[in-house]
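Since the structure comes first, as C-alpha cells, the remarks are kept for the end.
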Amino acid sequence: MSEKKASVLQGFKAFLMRGNVVDLAVAVVIGAAFTNIVNSVVKGIINPVIGTIGTQNLDSYSSCIKGCQGTGKEGVHILWGSVLGATLTFVITAAVVYFLMVLPMSKYLAVVEARRKAKEGTQEVMDVTELEVLKEIRDELVAQRGSGEYRR
C-alpha cells in the first residue's frame with residue numbers, strides 16, 4: 001500500500017510541477033490583483049465622472065416596478081445601477097487586458113512566426129540550391145564519361 005501511496009504522491013507532484021498548472025496559478029493571483037486595480041479605477045475615476053450627471057454611487061440608480069410609494073425602500077426595485085457598474089468594470093478590464101496584454105503578445109508572436117518562416121524559407125532555398133548543384137555535377141560527370149574524358 002505504501003508503494004501505491006508513494007506513486008500517487010509522485011503523480012500529484014508531477015501534475016503540480018507541469019508548466020500549465022503553475023502558469024494558471026500565477027494567472028489567478030495576477031488576475032485577483034488586477035481586479036483590485038480595475039475596481040479602484042472604476043470607483044475613483046469612472047464613478048465620479050458619471051457622478052457629474054447624477055450620483056457618484058451607481059448602486060443608488062434603480063427603478064421601481066411595483067408597490068413603490070414615495071422615496072421608501074418598499075416595493076420591487078430593479079437595481080440597474082449595480083449592473084451598469086459591473087458592466088463598466090468588465091468593459092474596462094477587457095479593454096486593458098486586450099490592449100496591454102493580448103495585442104502586444106499577438107504582435108510579438110506574429111514577428112516570431114515571420115522570423116521562423118523566413119528562416120525556414122532560406123533553409124529550403126539553400127537545400128534546393130545544393131540539390132541543383134549536385135545534379136549539375138552528376139550531369140557533368142555523365143557528359144565526361146560519354147566523351148571519354150572521365151576515366152577511373
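All residue names refer to the C-alpha cells as shown: chains lettered A, B, ... in order, residues numbered from 1 in each chain, ligands numbered from 1 in order.
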Residues within 10 Å of Gly75 in chain A, please, as a ChimeraX atom specification. Count only C-alpha atoms; anything in the same chain fewer than 3 positions from it doesn't count.
/A:64-69,72
To test your reading of the structure, identify every residue in range 9-142 of chain A that backbone DSSP assigns to helix (DSSP H, G or I), and report it as a PyMOL selection string.
chain A and resi 9-17+19-51+58-60+80-142
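Running DSSP on the backbone and keeping only strand (DSSP E), the residues of range 3-152 of chain A that qualify are Ser63, Cys64, Ile65, Lys66, Val76, His77 and Ile78 of chain A.
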Kindly export the residues of the current selection with N, CA, C and O atoms, as an mmCIF file, in the first residue's frame.
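part34.cif, freshly written:
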data_model
loop_
_atom_site.group_PDB
_atom_site.id
_atom_site.type_symbol
_atom_site.label_atom_id
_atom_site.label_comp_id
_atom_site.auth_asym_id
_atom_site.auth_seq_id
_atom_site.Cartn_x
_atom_site.Cartn_y
_atom_site.Cartn_z
ATOM 1 N N SER A 63 -34.903 51.432 -10.520
ATOM 2 C CA SER A 63 -36.252 51.744 -10.980
ATOM 3 C C SER A 63 -37.222 50.869 -10.198
ATOM 4 O O SER A 63 -36.945 49.707 -9.930
ATOM 5 N N CYS A 64 -38.335 51.448 -9.866
ATOM 6 C CA CYS A 64 -39.354 50.718 -9.128
ATOM 7 C C CYS A 64 -40.394 50.202 -10.112
ATOM 8 O O CYS A 64 -40.877 50.942 -10.962
ATOM 9 N N ILE A 65 -40.728 48.929 -10.005
ATOM 10 C CA ILE A 65 -41.707 48.386 -10.936
ATOM 11 C C ILE A 65 -43.037 48.035 -10.262
ATOM 12 O O ILE A 65 -44.034 47.872 -10.936
ATOM 13 N N LYS A 66 -43.030 47.938 -8.916
ATOM 14 C CA LYS A 66 -44.295 47.576 -8.278
ATOM 15 C C LYS A 66 -44.279 47.995 -6.812
ATOM 16 O O LYS A 66 -43.325 47.750 -6.090
ATOM 17 N N VAL A 76 -40.819 46.659 -5.318
ATOM 18 C CA VAL A 76 -39.885 45.861 -6.128
ATOM 19 C C VAL A 76 -39.039 46.825 -6.953
ATOM 20 O O VAL A 76 -39.558 47.563 -7.785
ATOM 21 N N HIS A 77 -37.730 46.776 -6.694
ATOM 22 C CA HIS A 77 -36.797 47.669 -7.378
ATOM 23 C C HIS A 77 -35.909 46.875 -8.336
ATOM 24 O O HIS A 77 -35.487 45.765 -8.025
ATOM 25 N N ILE A 78 -35.638 47.449 -9.484
ATOM 26 C CA ILE A 78 -34.624 46.907 -10.397
ATOM 27 C C ILE A 78 -33.380 47.756 -10.183
ATOM 28 O O ILE A 78 -33.386 48.967 -10.425
#
Residues within 10 Å of Lys43 in chain A, please, as a tab-separated table (two decimals) with N, CA and C atoms, in the first residue's frame. Count only C-alpha atoms; anything in the same chain fewer than 4 positions from it doesn't count.
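As written to disk, part.tsv reads:
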chain	number	residue	atom	x	y	z
A	37	ILE	N	-7.16	46.70	-8.94
A	37	ILE	CA	-6.78	47.92	-9.66
A	37	ILE	C	-7.96	48.44	-10.48
A	38	VAL	N	-8.61	47.55	-11.21
A	38	VAL	CA	-9.73	47.97	-12.05
A	38	VAL	C	-10.87	48.50	-11.20
A	39	ASN	N	-11.17	47.83	-10.10
A	39	ASN	CA	-12.23	48.31	-9.21
A	39	ASN	C	-11.90	49.70	-8.68
A	47	ASN	N	-16.78	56.39	-11.73
A	47	ASN	CA	-17.98	56.77	-10.97
A	47	ASN	C	-18.08	58.28	-10.73
A	48	PRO	N	-16.98	58.97	-10.36
A	48	PRO	CA	-17.10	60.43	-10.22
A	48	PRO	C	-17.43	61.14	-11.53
A	49	VAL	N	-16.91	60.64	-12.66
A	49	VAL	CA	-17.24	61.24	-13.95
A	49	VAL	C	-18.73	61.07	-14.22
A	56	GLN	N	-22.46	59.72	-7.53
A	56	GLN	CA	-21.19	59.01	-7.68
A	56	GLN	C	-21.35	57.52	-7.41
A	57	ASN	N	-22.39	57.15	-6.71
A	57	ASN	CA	-22.61	55.75	-6.39
A	57	ASN	C	-23.61	55.17	-7.38
A	58	LEU	N	-23.12	54.36	-8.31
A	58	LEU	CA	-24.00	53.78	-9.32
A	58	LEU	C	-25.02	52.83	-8.71
A	85	GLY	N	-22.54	49.42	-13.18
A	85	GLY	CA	-21.20	49.45	-12.58
A	85	GLY	C	-20.41	48.20	-12.88
A	89	THR	N	-17.00	47.89	-15.16
A	89	THR	CA	-15.80	47.21	-14.65
A	89	THR	C	-15.35	46.14	-15.63
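Relative to CA of Gly81 in chain A, CA of Asp59 in chain A is found at 4.7 Å.
If you count only C-alpha atoms and ignore residues fewer than 5 places along the chain from Val96 in chain A, what sits within 10 Å of it is Phe34, Val38, Phe90, Val91, Met101 and Val102 of chain A.
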